[in-house]
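Undergrad: The structure file coords-v3.txt (compact mmCIF, N, CA and C atoms and all ligand atoms) is provided below.
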```txt
# COMPACT_ATOMS: atom_id res chain seq x y z
N MET A 1 236.13 291.83 38.89
CA MET A 1 237.20 292.59 38.24
C MET A 1 238.55 292.09 38.74
N PRO A 2 239.41 291.65 37.85
CA PRO A 2 240.72 291.18 38.30
C PRO A 2 241.49 292.30 38.99
N LEU A 3 242.21 291.93 40.00
CA LEU A 3 243.00 292.89 40.74
C LEU A 3 244.46 292.57 40.59
N ASN A 4 245.27 293.56 40.55
CA ASN A 4 246.70 293.35 40.63
C ASN A 4 247.25 294.43 41.53
N GLU A 5 247.71 294.01 42.68
CA GLU A 5 248.11 294.99 43.69
C GLU A 5 249.55 295.44 43.52
N SER A 6 250.29 294.81 42.63
CA SER A 6 251.68 295.17 42.47
C SER A 6 251.82 296.44 41.64
N GLY A 7 252.78 297.25 41.97
CA GLY A 7 253.12 298.39 41.15
C GLY A 7 254.13 297.98 40.11
N ASN A 8 254.72 298.93 39.44
CA ASN A 8 255.81 298.66 38.50
C ASN A 8 255.40 297.69 37.40
N VAL A 9 254.21 297.86 36.85
CA VAL A 9 253.79 297.01 35.74
C VAL A 9 253.76 297.84 34.46
N ASN A 10 254.11 297.19 33.37
CA ASN A 10 254.12 297.85 32.07
C ASN A 10 252.90 297.39 31.29
N PRO A 11 251.99 298.30 30.95
CA PRO A 11 250.76 297.88 30.27
C PRO A 11 251.00 297.31 28.88
N LYS A 12 252.21 297.44 28.33
CA LYS A 12 252.50 296.90 27.00
C LYS A 12 253.06 295.48 27.07
N GLN A 13 253.30 295.00 28.28
CA GLN A 13 253.85 293.66 28.46
C GLN A 13 252.77 292.73 29.01
N PRO A 14 252.88 291.42 28.74
CA PRO A 14 251.93 290.49 29.35
C PRO A 14 252.06 290.51 30.87
N MET A 15 250.97 290.24 31.52
CA MET A 15 251.00 290.19 32.98
C MET A 15 249.84 289.36 33.50
N PRO A 16 250.01 288.72 34.64
CA PRO A 16 248.90 288.00 35.25
C PRO A 16 247.95 288.98 35.94
N LEU A 17 246.67 288.72 35.77
CA LEU A 17 245.64 289.49 36.47
C LEU A 17 245.06 288.58 37.54
N ILE A 18 245.23 288.97 38.76
CA ILE A 18 244.90 288.11 39.90
C ILE A 18 243.68 288.65 40.62
N ASN A 19 242.71 287.78 40.81
CA ASN A 19 241.56 288.11 41.64
C ASN A 19 241.83 287.53 43.02
N ALA A 20 242.38 288.35 43.89
CA ALA A 20 242.85 287.87 45.19
C ALA A 20 241.73 287.25 46.02
N ALA A 21 240.50 287.70 45.83
CA ALA A 21 239.39 287.17 46.62
C ALA A 21 239.07 285.72 46.26
N GLU A 22 239.46 285.28 45.07
CA GLU A 22 239.20 283.90 44.64
C GLU A 22 240.39 282.99 44.86
N CYS A 23 241.56 283.56 45.03
CA CYS A 23 242.78 282.78 45.21
C CYS A 23 242.78 282.09 46.56
N LYS A 24 243.17 280.80 46.58
CA LYS A 24 243.24 280.04 47.83
C LYS A 24 244.66 279.91 48.36
N GLY A 25 245.60 280.54 47.68
CA GLY A 25 246.98 280.55 48.18
C GLY A 25 247.66 279.20 48.12
N CYS A 26 247.26 278.36 47.19
CA CYS A 26 247.80 276.99 47.14
C CYS A 26 249.22 276.92 46.60
N GLU A 27 249.67 277.97 45.97
CA GLU A 27 251.04 278.11 45.45
C GLU A 27 251.32 277.29 44.20
N ARG A 28 250.31 276.66 43.62
CA ARG A 28 250.56 275.89 42.40
C ARG A 28 251.14 276.78 41.31
N CYS A 29 250.58 277.96 41.16
CA CYS A 29 251.06 278.87 40.12
C CYS A 29 252.46 279.37 40.42
N VAL A 30 252.74 279.58 41.68
CA VAL A 30 254.07 280.05 42.08
C VAL A 30 255.12 279.01 41.70
N GLU A 31 254.82 277.76 42.00
CA GLU A 31 255.75 276.67 41.68
C GLU A 31 255.89 276.47 40.18
N ALA A 32 254.81 276.68 39.45
CA ALA A 32 254.80 276.37 38.02
C ALA A 32 255.38 277.49 37.15
N CYS A 33 255.37 278.70 37.61
CA CYS A 33 255.79 279.84 36.77
C CYS A 33 257.26 279.73 36.39
N PRO A 34 257.57 279.58 35.10
CA PRO A 34 258.97 279.45 34.68
C PRO A 34 259.77 280.72 34.92
N ALA A 35 259.11 281.85 34.89
CA ALA A 35 259.80 283.13 35.07
C ALA A 35 259.96 283.51 36.54
N LYS A 36 259.38 282.72 37.43
CA LYS A 36 259.45 282.99 38.88
C LYS A 36 259.03 284.42 39.21
N CYS A 37 257.90 284.82 38.63
CA CYS A 37 257.45 286.19 38.86
C CYS A 37 256.17 286.25 39.68
N LEU A 38 255.82 285.16 40.35
CA LEU A 38 254.69 285.14 41.26
C LEU A 38 255.18 284.81 42.66
N ARG A 39 254.47 285.33 43.64
CA ARG A 39 254.81 285.04 45.03
C ARG A 39 253.54 285.09 45.87
N ILE A 40 253.62 284.52 47.05
CA ILE A 40 252.49 284.59 47.98
C ILE A 40 252.63 285.86 48.81
N SER A 41 251.54 286.58 48.92
CA SER A 41 251.53 287.83 49.68
C SER A 41 251.76 287.57 51.17
N ASP A 42 252.30 288.53 51.84
CA ASP A 42 252.43 288.41 53.29
C ASP A 42 251.22 289.00 54.01
N LYS A 43 250.21 289.44 53.23
CA LYS A 43 248.98 290.00 53.81
C LYS A 43 247.81 289.07 53.53
N LEU A 44 246.83 289.09 54.40
CA LEU A 44 245.62 288.30 54.21
C LEU A 44 244.66 289.03 53.29
N ASN A 45 243.98 288.28 52.43
CA ASN A 45 242.93 288.90 51.61
C ASN A 45 241.64 289.00 52.42
N CYS A 46 240.56 289.40 51.76
CA CYS A 46 239.29 289.63 52.47
C CYS A 46 238.70 288.35 53.04
N ARG A 47 239.23 287.19 52.62
CA ARG A 47 238.72 285.91 53.12
C ARG A 47 239.73 285.20 54.01
N GLY A 48 240.74 285.94 54.44
CA GLY A 48 241.70 285.38 55.37
C GLY A 48 242.73 284.46 54.75
N VAL A 49 243.00 284.66 53.46
CA VAL A 49 243.96 283.84 52.73
C VAL A 49 245.12 284.71 52.27
N LYS A 50 246.32 284.18 52.34
CA LYS A 50 247.46 284.86 51.74
C LYS A 50 247.49 284.50 50.26
N ALA A 51 247.02 285.41 49.45
CA ALA A 51 246.84 285.15 48.02
C ALA A 51 248.14 285.37 47.26
N VAL A 52 248.14 284.91 46.02
CA VAL A 52 249.29 285.12 45.16
C VAL A 52 249.31 286.56 44.67
N GLU A 53 250.48 287.05 44.35
CA GLU A 53 250.62 288.37 43.75
C GLU A 53 251.74 288.35 42.72
N TYR A 54 251.66 289.29 41.81
CA TYR A 54 252.68 289.44 40.76
C TYR A 54 253.80 290.31 41.30
N ILE A 55 255.05 289.95 41.00
CA ILE A 55 256.16 290.77 41.49
C ILE A 55 256.30 292.05 40.69
N GLY A 56 255.58 292.15 39.57
CA GLY A 56 255.56 293.40 38.83
C GLY A 56 256.38 293.40 37.57
N LYS A 57 257.14 292.34 37.32
CA LYS A 57 257.93 292.25 36.09
C LYS A 57 258.28 290.79 35.82
N GLY A 58 258.61 290.51 34.56
CA GLY A 58 259.11 289.20 34.21
C GLY A 58 258.12 288.27 33.54
N CYS A 59 256.84 288.60 33.53
CA CYS A 59 255.85 287.70 32.94
C CYS A 59 256.03 287.64 31.42
N THR A 60 256.03 286.41 30.88
CA THR A 60 256.16 286.21 29.44
C THR A 60 254.83 285.94 28.77
N GLY A 61 253.78 285.79 29.56
CA GLY A 61 252.47 285.50 28.99
C GLY A 61 252.28 284.05 28.60
N CYS A 62 253.07 283.15 29.16
CA CYS A 62 253.03 281.74 28.75
C CYS A 62 251.72 281.06 29.13
N GLY A 63 251.05 281.52 30.17
CA GLY A 63 249.77 280.94 30.56
C GLY A 63 249.86 279.75 31.48
N ILE A 64 251.06 279.36 31.86
CA ILE A 64 251.22 278.16 32.70
C ILE A 64 250.55 278.34 34.07
N CYS A 65 250.60 279.52 34.61
CA CYS A 65 249.92 279.76 35.90
C CYS A 65 248.42 279.51 35.76
N PHE A 66 247.84 280.01 34.70
CA PHE A 66 246.41 279.82 34.46
C PHE A 66 246.06 278.34 34.39
N TYR A 67 246.84 277.56 33.67
CA TYR A 67 246.52 276.15 33.48
C TYR A 67 246.78 275.32 34.73
N ASN A 68 247.57 275.82 35.65
CA ASN A 68 247.84 275.10 36.89
C ASN A 68 246.92 275.50 38.03
N CYS A 69 246.14 276.54 37.84
CA CYS A 69 245.29 277.03 38.93
C CYS A 69 243.97 276.27 38.97
N PRO A 70 243.61 275.73 40.14
CA PRO A 70 242.34 275.00 40.26
C PRO A 70 241.13 275.90 40.46
N GLU A 71 241.36 277.17 40.69
CA GLU A 71 240.26 278.10 40.93
C GLU A 71 239.90 278.83 39.63
N PRO A 72 238.67 278.70 39.17
CA PRO A 72 238.30 279.22 37.84
C PRO A 72 238.50 280.72 37.65
N TYR A 73 238.39 281.49 38.70
CA TYR A 73 238.41 282.95 38.53
C TYR A 73 239.58 283.62 39.24
N ALA A 74 240.59 282.86 39.61
CA ALA A 74 241.66 283.44 40.43
C ALA A 74 242.74 284.13 39.61
N ILE A 75 243.09 283.59 38.45
CA ILE A 75 244.20 284.18 37.70
C ILE A 75 243.98 284.01 36.19
N VAL A 76 244.18 285.06 35.47
CA VAL A 76 244.14 285.03 34.01
C VAL A 76 245.34 285.85 33.53
N ILE A 77 245.60 285.77 32.23
CA ILE A 77 246.75 286.49 31.69
C ILE A 77 246.27 287.58 30.75
N ASP A 78 246.82 288.75 30.92
CA ASP A 78 246.56 289.86 30.01
C ASP A 78 247.71 289.92 29.01
N LYS A 79 247.37 289.70 27.74
CA LYS A 79 248.42 289.75 26.70
C LYS A 79 248.05 290.87 25.72
N PRO A 80 248.66 292.05 25.85
CA PRO A 80 248.33 293.17 24.97
C PRO A 80 248.57 292.84 23.51
S1 LIG A 101 251.90 283.76 32.30
FE1 LIG A 101 253.75 282.46 32.60
S2 LIG A 101 255.40 283.92 33.12
FE2 LIG A 101 253.43 285.01 33.40
S3 LIG A 101 252.95 284.74 35.58
FE3 LIG A 101 251.91 283.09 34.45
S4 LIG A 101 253.35 281.34 34.49
FE4 LIG A 101 254.49 283.20 35.07
S1 LIG A 102 246.10 281.82 41.76
FE1 LIG A 102 245.31 279.72 41.76
S2 LIG A 102 247.15 278.39 41.67
FE2 LIG A 102 247.81 280.45 42.30
S3 LIG A 102 247.84 280.36 44.56
FE3 LIG A 102 245.85 281.20 43.90
S4 LIG A 102 244.48 279.43 43.82
FE4 LIG A 102 246.57 278.62 43.83
```
I need this file expressed as structure tokens, please.
Ligand code: SF4
Ligand code: SF4
TA:
Amino acid sequence: MPLNESGNVNPKQPMPLINAAECKGCERCVEACPAKCLRISDKLNCRGVKAVEYIGKGCTGCGICFYNCPEPYAIVIDKP
């Protein structure tokens, strides 16, 4: 089940759904996101990795994060 730990999300807007347990914290998506709405968490996930998280606003649903992520189950986009 994708997780998104950020608050302040609007269910009518596109947003990244992040599975923190699969994220390796490589920052590819952070660097690639044109809207600069992703960041690396300051907390460790269950596997000892600082995973990516959504800042809670700004996602356009472009999908660039998904296409730049090497982990198959780490990030997908929810486009209502
Ligand atoms: S879908 Fe686009 S705007 Fe949204 S988080 Fe991914 S790269 Fe950023
Ligand atoms: S979601 Fe994918 S691209 Fe982004 S930090 Fe995690 S593993 Fe890297």
Undergrad: Report as an NGL selection string which protein, DNA and RNA residues come within 7 Å of ligand LIG 102 (chain A), using only C-alpha atoms and all ligand atoms.
TA: :A and (18 or 22-30 or 51-52 or 65 or 68-71 or 74-75)
Undergrad: Can I get the residues of chain A within 6 Å of ligand LIG 101 (chain A), each with the closest pair of atoms and their distance in Å to one decimal, using all atoms listed in the file, sorted chain first then ascending number, as a Markdown table?
TA:
```
| residue | atom | partner | partner_atom | distance |
| --- | --- | --- | --- | --- |
| A:Met15 | C | A:LIG101 | FE2 | 5.6 |
| A:Pro16 | N | A:LIG101 | S3 | 5.0 |
| A:Ala32 | C | A:LIG101 | S4 | 5.1 |
| A:Cys33 | CA | A:LIG101 | S4 | 3.7 |
| A:Pro34 | N | A:LIG101 | S4 | 4.6 |
| A:Ala35 | N | A:LIG101 | S2 | 4.6 |
| A:Lys36 | N | A:LIG101 | FE4 | 5.5 |
| A:Cys37 | N | A:LIG101 | FE4 | 5.2 |
| A:Leu38 | N | A:LIG101 | S3 | 5.6 |
| A:Gly58 | C | A:LIG101 | S2 | 5.1 |
| A:Cys59 | CA | A:LIG101 | FE2 | 3.6 |
| A:Thr60 | N | A:LIG101 | S2 | 3.4 |
| A:Gly61 | C | A:LIG101 | S1 | 3.7 |
| A:Cys62 | N | A:LIG101 | S1 | 3.4 |
| A:Gly63 | N | A:LIG101 | S1 | 3.2 |
| A:Ile64 | N | A:LIG101 | S4 | 4.0 |
| A:Cys65 | N | A:LIG101 | S4 | 3.3 |
| A:Phe66 | N | A:LIG101 | FE3 | 5.1 |
| A:Ile77 | CA | A:LIG101 | S1 | 5.9 |
```
Undergrad: Distance atom C of A:Ile55-atom N of A:Gln13, one decimal place?
TA: 13.1 Å
Undergrad: Tell me which of A:Ile40, A:Leu17, A:Asn45, A:Asn10 sits closest to A:Asp78, counting only C-alpha atoms.
TA: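 Closest to A:Asp78 of all the choices is A:Leu17.
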Undergrad: If I wrap all listed atoms of stretch 7-23 of chain A in a box with edges along x, y and z and add 8 Å on each side, what are its centre and edge lengths in Å to one decimal, as AutoDock Vina command-line options?
TA:
```
--center_x 247.4 --center_y 290.5 --center_z 36.8 --size_x 32.7 --size_y 32.8 --size_z 35.6
```
Undergrad: To one decimal place in Å, what is the distance between atom CA of A:Arg47 and atom CA of A:Ala21?
TA: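 We find that atom CA of A:Arg47 and atom CA of A:Ala21 lie 6.7 Å from each other.
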